[in-house]
Each structure stands twice: as C-alpha cells, then as structure tokens.
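J.: coords_28.pdb is reproduced below (PDB, N, CA and C atoms, pLDDT in the B column).
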```pdb
ATOM      1  N   MET A 657     -15.300 -11.106   8.470  1.00 52.00           N
ATOM      2  CA  MET A 657     -14.188 -11.891   7.994  1.00 52.00           C
ATOM      3  C   MET A 657     -13.228 -11.021   7.178  1.00 52.00           C
ATOM      4  N   ALA A 658     -13.756 -10.263   6.235  1.00 68.00           N
ATOM      5  CA  ALA A 658     -12.909  -9.428   5.383  1.00 68.00           C
ATOM      6  C   ALA A 658     -12.247  -8.319   6.196  1.00 68.00           C
ATOM      7  N   GLU A 659     -12.958  -7.800   7.204  1.00 74.00           N
ATOM      8  CA  GLU A 659     -12.393  -6.746   8.029  1.00 74.00           C
ATOM      9  C   GLU A 659     -11.187  -7.237   8.792  1.00 74.00           C
ATOM     10  N   VAL A 660     -11.216  -8.485   9.212  1.00 74.00           N
ATOM     11  CA  VAL A 660     -10.095  -9.055   9.946  1.00 74.00           C
ATOM     12  C   VAL A 660      -8.865  -9.113   9.045  1.00 74.00           C
ATOM     13  N   LYS A 661      -9.044  -9.530   7.805  1.00 86.00           N
ATOM     14  CA  LYS A 661      -7.929  -9.610   6.876  1.00 86.00           C
ATOM     15  C   LYS A 661      -7.354  -8.226   6.596  1.00 86.00           C
ATOM     16  N   ILE A 662      -8.228  -7.241   6.427  1.00 83.00           N
ATOM     17  CA  ILE A 662      -7.774  -5.875   6.161  1.00 83.00           C
ATOM     18  C   ILE A 662      -6.992  -5.348   7.363  1.00 83.00           C
ATOM     19  N   LYS A 663      -7.500  -5.634   8.557  1.00 88.00           N
ATOM     20  CA  LYS A 663      -6.819  -5.186   9.766  1.00 88.00           C
ATOM     21  C   LYS A 663      -5.442  -5.847   9.878  1.00 88.00           C
ATOM     22  N   GLU A 664      -5.370  -7.127   9.562  1.00 91.00           N
ATOM     23  CA  GLU A 664      -4.081  -7.831   9.591  1.00 91.00           C
ATOM     24  C   GLU A 664      -3.123  -7.247   8.558  1.00 91.00           C
ATOM     25  N   MET A 665      -3.645  -6.915   7.371  1.00 89.00           N
ATOM     26  CA  MET A 665      -2.799  -6.311   6.333  1.00 89.00           C
ATOM     27  C   MET A 665      -2.244  -4.978   6.807  1.00 89.00           C
ATOM     28  N   ARG A 666      -3.096  -4.168   7.444  1.00 90.00           N
ATOM     29  CA  ARG A 666      -2.648  -2.868   7.948  1.00 90.00           C
ATOM     30  C   ARG A 666      -1.564  -3.040   8.995  1.00 90.00           C
ATOM     31  N   GLU A 667      -1.752  -4.016   9.895  1.00 92.00           N
ATOM     32  CA  GLU A 667      -0.758  -4.252  10.941  1.00 92.00           C
ATOM     33  C   GLU A 667       0.574  -4.699  10.327  1.00 92.00           C
ATOM     34  N   GLN A 668       0.503  -5.547   9.307  1.00 93.00           N
ATOM     35  CA  GLN A 668       1.722  -5.989   8.643  1.00 93.00           C
ATOM     36  C   GLN A 668       2.429  -4.813   7.975  1.00 93.00           C
ATOM     37  N   LEU A 669       1.656  -3.936   7.342  1.00 93.00           N
ATOM     38  CA  LEU A 669       2.253  -2.770   6.688  1.00 93.00           C
ATOM     39  C   LEU A 669       2.871  -1.829   7.709  1.00 93.00           C
ATOM     40  N   ARG A 670       2.204  -1.621   8.829  1.00 94.00           N
ATOM     41  CA  ARG A 670       2.736  -0.721   9.853  1.00 94.00           C
ATOM     42  C   ARG A 670       4.021  -1.271  10.474  1.00 94.00           C
ATOM     43  N   ALA A 671       4.176  -2.591  10.469  1.00 95.00           N
ATOM     44  CA  ALA A 671       5.384  -3.202  11.026  1.00 95.00           C
ATOM     45  C   ALA A 671       6.574  -3.080  10.074  1.00 95.00           C
ATOM     46  N   MET A 672       6.322  -2.745   8.825  1.00 95.00           N
ATOM     47  CA  MET A 672       7.399  -2.640   7.832  1.00 95.00           C
ATOM     48  C   MET A 672       8.169  -1.334   7.998  1.00 95.00           C
ATOM     49  N   SER A 673       9.437  -1.372   7.591  1.00 95.00           N
ATOM     50  CA  SER A 673      10.241  -0.152   7.562  1.00 95.00           C
ATOM     51  C   SER A 673       9.848   0.645   6.308  1.00 95.00           C
ATOM     52  N   ASP A 674      10.361   1.861   6.212  1.00 95.00           N
ATOM     53  CA  ASP A 674      10.052   2.692   5.045  1.00 95.00           C
ATOM     54  C   ASP A 674      10.536   2.032   3.755  1.00 95.00           C
ATOM     55  N   GLU A 675      11.740   1.475   3.788  1.00 97.00           N
ATOM     56  CA  GLU A 675      12.274   0.815   2.590  1.00 97.00           C
ATOM     57  C   GLU A 675      11.405  -0.370   2.174  1.00 97.00           C
ATOM     58  N   GLU A 676      10.948  -1.126   3.152  1.00 96.00           N
ATOM     59  CA  GLU A 676      10.077  -2.265   2.843  1.00 96.00           C
ATOM     60  C   GLU A 676       8.753  -1.792   2.259  1.00 96.00           C
ATOM     61  N   LEU A 677       8.253  -0.669   2.758  1.00 96.00           N
ATOM     62  CA  LEU A 677       7.010  -0.115   2.209  1.00 96.00           C
ATOM     63  C   LEU A 677       7.208   0.342   0.767  1.00 96.00           C
ATOM     64  N   TYR A 678       8.332   1.008   0.492  1.00 97.00           N
ATOM     65  CA  TYR A 678       8.606   1.437  -0.877  1.00 97.00           C
ATOM     66  C   TYR A 678       8.727   0.225  -1.804  1.00 97.00           C
ATOM     67  N   GLN A 679       9.363  -0.840  -1.317  1.00 97.00           N
ATOM     68  CA  GLN A 679       9.487  -2.059  -2.115  1.00 97.00           C
ATOM     69  C   GLN A 679       8.115  -2.685  -2.351  1.00 97.00           C
ATOM     70  N   SER A 680       7.268  -2.672  -1.335  1.00 96.00           N
ATOM     71  CA  SER A 680       5.915  -3.198  -1.467  1.00 96.00           C
ATOM     72  C   SER A 680       5.122  -2.408  -2.510  1.00 96.00           C
ATOM     73  N   ILE A 681       5.303  -1.101  -2.507  1.00 97.00           N
ATOM     74  CA  ILE A 681       4.619  -0.247  -3.485  1.00 97.00           C
ATOM     75  C   ILE A 681       5.097  -0.578  -4.895  1.00 97.00           C
ATOM     76  N   ARG A 682       6.417  -0.708  -5.063  1.00 98.00           N
ATOM     77  CA  ARG A 682       6.959  -1.051  -6.382  1.00 98.00           C
ATOM     78  C   ARG A 682       6.429  -2.405  -6.851  1.00 98.00           C
ATOM     79  N   ASP A 683       6.417  -3.380  -5.955  1.00 97.00           N
ATOM     80  CA  ASP A 683       5.932  -4.716  -6.313  1.00 97.00           C
ATOM     81  C   ASP A 683       4.456  -4.689  -6.702  1.00 97.00           C
ATOM     82  N   ASN A 684       3.663  -3.951  -5.928  1.00 96.00           N
ATOM     83  CA  ASN A 684       2.230  -3.882  -6.219  1.00 96.00           C
ATOM     84  C   ASN A 684       1.942  -3.106  -7.495  1.00 96.00           C
ATOM     85  N   LYS A 685       2.766  -2.103  -7.797  1.00 98.00           N
ATOM     86  CA  LYS A 685       2.577  -1.370  -9.059  1.00 98.00           C
ATOM     87  C   LYS A 685       2.885  -2.260 -10.251  1.00 98.00           C
ATOM     88  N   ALA A 686       3.926  -3.089 -10.125  1.00 98.00           N
ATOM     89  CA  ALA A 686       4.249  -4.037 -11.200  1.00 98.00           C
ATOM     90  C   ALA A 686       3.133  -5.064 -11.354  1.00 98.00           C
ATOM     91  N   LEU A 687       2.615  -5.529 -10.230  1.00 97.00           N
ATOM     92  CA  LEU A 687       1.510  -6.485 -10.254  1.00 97.00           C
ATOM     93  C   LEU A 687       0.262  -5.854 -10.874  1.00 97.00           C
ATOM     94  N   LEU A 688      -0.010  -4.603 -10.522  1.00 97.00           N
ATOM     95  CA  LEU A 688      -1.153  -3.894 -11.073  1.00 97.00           C
ATOM     96  C   LEU A 688      -1.020  -3.742 -12.588  1.00 97.00           C
ATOM     97  N   PHE A 689       0.178  -3.425 -13.047  1.00 98.00           N
ATOM     98  CA  PHE A 689       0.413  -3.319 -14.487  1.00 98.00           C
ATOM     99  C   PHE A 689       0.110  -4.652 -15.170  1.00 98.00           C
ATOM    100  N   ASP A 690       0.587  -5.745 -14.564  1.00 97.00           N
ATOM    101  CA  ASP A 690       0.340  -7.077 -15.117  1.00 97.00           C
ATOM    102  C   ASP A 690      -1.163  -7.381 -15.147  1.00 97.00           C
ATOM    103  N   TYR A 691      -1.845  -7.066 -14.050  1.00 97.00           N
ATOM    104  CA  TYR A 691      -3.297  -7.315 -13.994  1.00 97.00           C
ATOM    105  C   TYR A 691      -4.033  -6.514 -15.069  1.00 97.00           C
ATOM    106  N   ARG A 692      -3.665  -5.252 -15.221  1.00 97.00           N
ATOM    107  CA  ARG A 692      -4.340  -4.416 -16.216  1.00 97.00           C
ATOM    108  C   ARG A 692      -4.081  -4.914 -17.634  1.00 97.00           C
ATOM    109  N   THR A 693      -2.860  -5.349 -17.880  1.00 97.00           N
ATOM    110  CA  THR A 693      -2.519  -5.885 -19.199  1.00 97.00           C
ATOM    111  C   THR A 693      -3.327  -7.140 -19.493  1.00 97.00           C
ATOM    112  N   ARG A 694      -3.346  -8.056 -18.517  1.00 97.00           N
ATOM    113  CA  ARG A 694      -4.087  -9.295 -18.714  1.00 97.00           C
ATOM    114  C   ARG A 694      -5.587  -9.043 -18.806  1.00 97.00           C
ATOM    115  N   ASN A 695      -6.073  -8.041 -18.074  1.00 96.00           N
ATOM    116  CA  ASN A 695      -7.495  -7.705 -18.136  1.00 96.00           C
ATOM    117  C   ASN A 695      -7.856  -7.148 -19.515  1.00 96.00           C
ATOM    118  N   ALA A 696      -6.971  -6.340 -20.084  1.00 96.00           N
ATOM    119  CA  ALA A 696      -7.222  -5.776 -21.410  1.00 96.00           C
ATOM    120  C   ALA A 696      -7.271  -6.862 -22.478  1.00 96.00           C
ATOM    121  N   MET A 697      -6.503  -7.925 -22.260  1.00 96.00           N
ATOM    122  CA  MET A 697      -6.492  -9.036 -23.208  1.00 96.00           C
ATOM    123  C   MET A 697      -7.544 -10.093 -22.866  1.00 96.00           C
ATOM    124  N   ARG A 698      -8.367  -9.790 -21.870  1.00 95.00           N
ATOM    125  CA  ARG A 698      -9.442 -10.697 -21.426  1.00 95.00           C
ATOM    126  C   ARG A 698      -8.899 -12.035 -20.927  1.00 95.00           C
ATOM    127  N   GLN A 699      -7.724 -12.011 -20.286  1.00 96.00           N
ATOM    128  CA  GLN A 699      -7.136 -13.224 -19.747  1.00 96.00           C
ATOM    129  C   GLN A 699      -7.154 -13.258 -18.225  1.00 96.00           C
ATOM    130  N   LEU A 700      -7.590 -12.190 -17.607  1.00 95.00           N
ATOM    131  CA  LEU A 700      -7.611 -12.113 -16.152  1.00 95.00           C
ATOM    132  C   LEU A 700      -8.909 -12.726 -15.624  1.00 95.00           C
ATOM    133  N   GLN A 701      -8.776 -13.753 -14.816  1.00 95.00           N
ATOM    134  CA  GLN A 701      -9.947 -14.428 -14.276  1.00 95.00           C
ATOM    135  C   GLN A 701     -10.563 -13.652 -13.102  1.00 95.00           C
ATOM    136  N   ASN A 702      -9.710 -13.147 -12.216  1.00 95.00           N
ATOM    137  CA  ASN A 702     -10.169 -12.441 -11.027  1.00 95.00           C
ATOM    138  C   ASN A 702      -9.993 -10.939 -11.230  1.00 95.00           C
ATOM    139  N   THR A 703     -11.014 -10.290 -11.747  1.00 94.00           N
ATOM    140  CA  THR A 703     -10.902  -8.862 -12.042  1.00 94.00           C
ATOM    141  C   THR A 703     -10.869  -8.011 -10.775  1.00 94.00           C
ATOM    142  N   ALA A 704     -11.280  -8.557  -9.658  1.00 95.00           N
ATOM    143  CA  ALA A 704     -11.221  -7.819  -8.396  1.00 95.00           C
ATOM    144  C   ALA A 704      -9.778  -7.643  -7.929  1.00 95.00           C
ATOM    145  N   ALA A 705      -8.859  -8.388  -8.498  1.00 95.00           N
ATOM    146  CA  ALA A 705      -7.447  -8.280  -8.129  1.00 95.00           C
ATOM    147  C   ALA A 705      -6.897  -6.897  -8.472  1.00 95.00           C
ATOM    148  N   VAL A 706      -7.422  -6.273  -9.510  1.00 96.00           N
ATOM    149  CA  VAL A 706      -6.992  -4.923  -9.889  1.00 96.00           C
ATOM    150  C   VAL A 706      -7.318  -3.962  -8.749  1.00 96.00           C
ATOM    151  N   ARG A 707      -8.502  -4.042  -8.239  1.00 96.00           N
ATOM    152  CA  ARG A 707      -8.944  -3.170  -7.151  1.00 96.00           C
ATOM    153  C   ARG A 707      -8.134  -3.436  -5.880  1.00 96.00           C
ATOM    154  N   THR A 708      -7.899  -4.701  -5.593  1.00 94.00           N
ATOM    155  CA  THR A 708      -7.139  -5.069  -4.403  1.00 94.00           C
ATOM    156  C   THR A 708      -5.715  -4.526  -4.463  1.00 94.00           C
ATOM    157  N   ALA A 709      -5.085  -4.620  -5.621  1.00 95.00           N
ATOM    158  CA  ALA A 709      -3.719  -4.110  -5.782  1.00 95.00           C
ATOM    159  C   ALA A 709      -3.685  -2.590  -5.613  1.00 95.00           C
ATOM    160  N   ARG A 710      -4.677  -1.897  -6.185  1.00 97.00           N
ATOM    161  CA  ARG A 710      -4.744  -0.436  -6.031  1.00 97.00           C
ATOM    162  C   ARG A 710      -4.895  -0.049  -4.568  1.00 97.00           C
ATOM    163  N   LYS A 711      -5.746  -0.765  -3.856  1.00 95.00           N
ATOM    164  CA  LYS A 711      -5.971  -0.453  -2.445  1.00 95.00           C
ATOM    165  C   LYS A 711      -4.729  -0.734  -1.605  1.00 95.00           C
ATOM    166  N   GLN A 712      -4.004  -1.785  -1.949  1.00 95.00           N
ATOM    167  CA  GLN A 712      -2.787  -2.110  -1.209  1.00 95.00           C
ATOM    168  C   GLN A 712      -1.736  -1.017  -1.402  1.00 95.00           C
ATOM    169  N   ILE A 713      -1.637  -0.487  -2.614  1.00 97.00           N
ATOM    170  CA  ILE A 713      -0.718   0.626  -2.884  1.00 97.00           C
ATOM    171  C   ILE A 713      -1.135   1.840  -2.061  1.00 97.00           C
ATOM    172  N   ALA A 714      -2.421   2.120  -2.040  1.00 97.00           N
ATOM    173  CA  ALA A 714      -2.924   3.276  -1.294  1.00 97.00           C
ATOM    174  C   ALA A 714      -2.666   3.122   0.202  1.00 97.00           C
ATOM    175  N   ARG A 715      -2.836   1.927   0.731  1.00 95.00           N
ATOM    176  CA  ARG A 715      -2.571   1.705   2.159  1.00 95.00           C
ATOM    177  C   ARG A 715      -1.108   1.989   2.491  1.00 95.00           C
ATOM    178  N   ALA A 716      -0.208   1.496   1.670  1.00 96.00           N
ATOM    179  CA  ALA A 716       1.222   1.704   1.920  1.00 96.00           C
ATOM    180  C   ALA A 716       1.577   3.187   1.821  1.00 96.00           C
ATOM    181  N   LEU A 717       1.041   3.871   0.817  1.00 97.00           N
ATOM    182  CA  LEU A 717       1.309   5.304   0.669  1.00 97.00           C
ATOM    183  C   LEU A 717       0.751   6.099   1.853  1.00 97.00           C
ATOM    184  N   THR A 718      -0.395   5.683   2.360  1.00 96.00           N
ATOM    185  CA  THR A 718      -1.011   6.363   3.503  1.00 96.00           C
ATOM    186  C   THR A 718      -0.132   6.227   4.741  1.00 96.00           C
ATOM    187  N   ILE A 719       0.398   5.047   4.973  1.00 96.00           N
ATOM    188  CA  ILE A 719       1.259   4.830   6.135  1.00 96.00           C
ATOM    189  C   ILE A 719       2.532   5.662   6.011  1.00 96.00           C
ATOM    190  N   LEU A 720       3.100   5.720   4.813  1.00 96.00           N
ATOM    191  CA  LEU A 720       4.288   6.556   4.607  1.00 96.00           C
ATOM    192  C   LEU A 720       3.985   8.028   4.880  1.00 96.00           C
ATOM    193  N   LYS A 721       2.840   8.491   4.422  1.00 97.00           N
ATOM    194  CA  LYS A 721       2.454   9.888   4.637  1.00 97.00           C
ATOM    195  C   LYS A 721       2.225  10.173   6.123  1.00 97.00           C
ATOM    196  N   GLU A 722       1.600   9.224   6.834  1.00 95.00           N
ATOM    197  CA  GLU A 722       1.393   9.395   8.274  1.00 95.00           C
ATOM    198  C   GLU A 722       2.733   9.526   8.991  1.00 95.00           C
ATOM    199  N   ARG A 723       3.694   8.691   8.607  1.00 95.00           N
ATOM    200  CA  ARG A 723       5.015   8.748   9.233  1.00 95.00           C
ATOM    201  C   ARG A 723       5.707  10.073   8.927  1.00 95.00           C
ATOM    202  N   GLU A 724       5.560  10.542   7.698  1.00 95.00           N
ATOM    203  CA  GLU A 724       6.160  11.813   7.308  1.00 95.00           C
ATOM    204  C   GLU A 724       5.568  12.958   8.129  1.00 95.00           C
ATOM    205  N   LEU A 725       4.255  12.972   8.276  1.00 95.00           N
ATOM    206  CA  LEU A 725       3.599  14.033   9.037  1.00 95.00           C
ATOM    207  C   LEU A 725       3.952  13.960  10.523  1.00 95.00           C
ATOM    208  N   ALA A 726       4.067  12.739  11.055  1.00 94.00           N
ATOM    209  CA  ALA A 726       4.428  12.578  12.460  1.00 94.00           C
ATOM    210  C   ALA A 726       5.847  13.079  12.701  1.00 94.00           C
ATOM    211  N   ALA A 727       6.755  12.790  11.766  1.00 93.00           N
ATOM    212  CA  ALA A 727       8.132  13.258  11.905  1.00 93.00           C
ATOM    213  C   ALA A 727       8.195  14.777  11.818  1.00 93.00           C
ATOM    214  N   LYS A 728       7.399  15.340  10.917  1.00 93.00           N
ATOM    215  CA  LYS A 728       7.374  16.801  10.771  1.00 93.00           C
ATOM    216  C   LYS A 728       6.803  17.448  12.030  1.00 93.00           C
ATOM    217  N   ALA A 729       5.745  16.862  12.595  1.00 91.00           N
ATOM    218  CA  ALA A 729       5.137  17.414  13.788  1.00 91.00           C
ATOM    219  C   ALA A 729       6.080  17.324  14.987  1.00 91.00           C
ATOM    220  N   SER A 730       6.822  16.244  15.088  1.00 88.00           N
ATOM    221  CA  SER A 730       7.746  16.112  16.207  1.00 88.00           C
ATOM    222  C   SER A 730       8.926  17.070  16.067  1.00 88.00           C
ATOM    223  N   SER A 731       9.366  17.325  14.834  1.00 85.00           N
ATOM    224  CA  SER A 731      10.466  18.273  14.639  1.00 85.00           C
ATOM    225  C   SER A 731      10.014  19.700  14.886  1.00 85.00           C
ATOM    226  N   VAL A 732       8.772  20.003  14.564  1.00 80.00           N
ATOM    227  CA  VAL A 732       8.236  21.340  14.832  1.00 80.00           C
ATOM    228  C   VAL A 732       8.061  21.519  16.341  1.00 80.00           C
ATOM    229  N   GLY A 733       7.624  20.461  17.015  1.00 73.00           N
ATOM    230  CA  GLY A 733       7.453  20.524  18.469  1.00 73.00           C
ATOM    231  C   GLY A 733       8.777  20.726  19.186  1.00 73.00           C
ATOM    232  N   GLU A 734       9.849  20.137  18.676  1.00 72.00           N
ATOM    233  CA  GLU A 734      11.168  20.284  19.288  1.00 72.00           C
ATOM    234  C   GLU A 734      11.730  21.683  19.036  1.00 72.00           C
ATOM    235  N   ALA A 735      11.383  22.286  17.905  1.00 66.00           N
ATOM    236  CA  ALA A 735      11.900  23.615  17.557  1.00 66.00           C
ATOM    237  C   ALA A 735      11.298  24.690  18.449  1.00 66.00           C
ATOM    238  N   ASN A 736      10.078  24.481  18.925  1.00 61.00           N
ATOM    239  CA  ASN A 736       9.415  25.502  19.744  1.00 61.00           C
ATOM    240  C   ASN A 736       9.781  25.362  21.157  1.00 61.00           C
TER
END
```
Before anything else, please render the file you have as structure tokens.
T.:
Amino acid sequence: MAEVKIKEMREQLRAMSDEELYQSIRDNKALLFDYRTRNAMRQLQNTAAVRTARKQIARALTILKERELAAKASSVGEAN
C-alpha cells in the first residue's frame, strides 16, 4: 500500500516542470521548518511528518539532479 503511494508521488514529481519542482522544494522546506518548530514545542501530533517532508524534498532534488545529468550527457554526446 505504501509503495503504491510513493510510486504515485514519484510519478507526480516527474510530471512537474523544473520551476514546479523548485516551488515544491520551497514549500516543503517551509513546512519542514513549521513541523520542527511545533515538534520542539511539543505541539506536533504526527512526528513522522518531519521525516515525510524531508523525504519529499530529497525526491524532488533527486529528480532535478537526474535531469541536470541527462542534459549534460546529451550535450556531451552532441559535442562528440
């Protein structure tokens, strides 16, 4: 069940443009800050949300890096 949700999240992220991914990263970083603040004050009920937000940021950054490497590889291939 959880794997299906993760796979759907990855597909949604891959469908996003670079700008949308950067916006998603900014939004998740703000959310992570809020979660950490509330957790420090012992007001956060779902402490797993911190981990989920971190992983979502990492997924978006990974997709951006894959795109960057693919673009670099295609430009190197065209140069040769």
J.: In Å, how far is it from CA of Arg682 (chain A) to atom C of Ile713 (chain A)?
T.: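 One can read the CA of Arg682 (chain A) to atom C of Ile713 (chain A) distance as 9.6 Å.
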J.: So, counting all atoms listed in the file, which residue among A:Arg694, A:Leu717, A:Glu722, A:Gln701 is closest to Leu677 (chain A)?
T.: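 That would be A:Leu717, the residue with the smallest distance to Leu677 (chain A).
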J.: Return as JSON the centre and edge lengths, in Å with one decimal, of the box along x, y and z that encloses every atom of region 688-705 of chain A in the file, padded by 6 Å per side.
T.:
```
{"center_x": -5.3, "center_y": -8.9, "center_z": -15.6, "size_x": 23.9, "size_y": 23.1, "size_z": 27.3}
```
J.: Extract, using only C-alpha atoms, all DNA, RNA and protein residues at most 12 Å from Thr718 (chain A), discarding same-chain residues fewer than 6 positions from it, and format them as a list in words.
T.: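 Near neighbours after the sequence-gap exclusion: Arg666, Leu669, Arg670, Asp674, Leu677, Tyr678, Ile681, Lys711, Gln712, Glu724 and Leu725 of chain A.
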J.: As an exercise, work out the distance from CA of Leu687 (chain A) to CA of Ala709 (chain A) in Å and give it to one decimal place.
T.: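 Between these atoms lies a distance of 7.3 Å.
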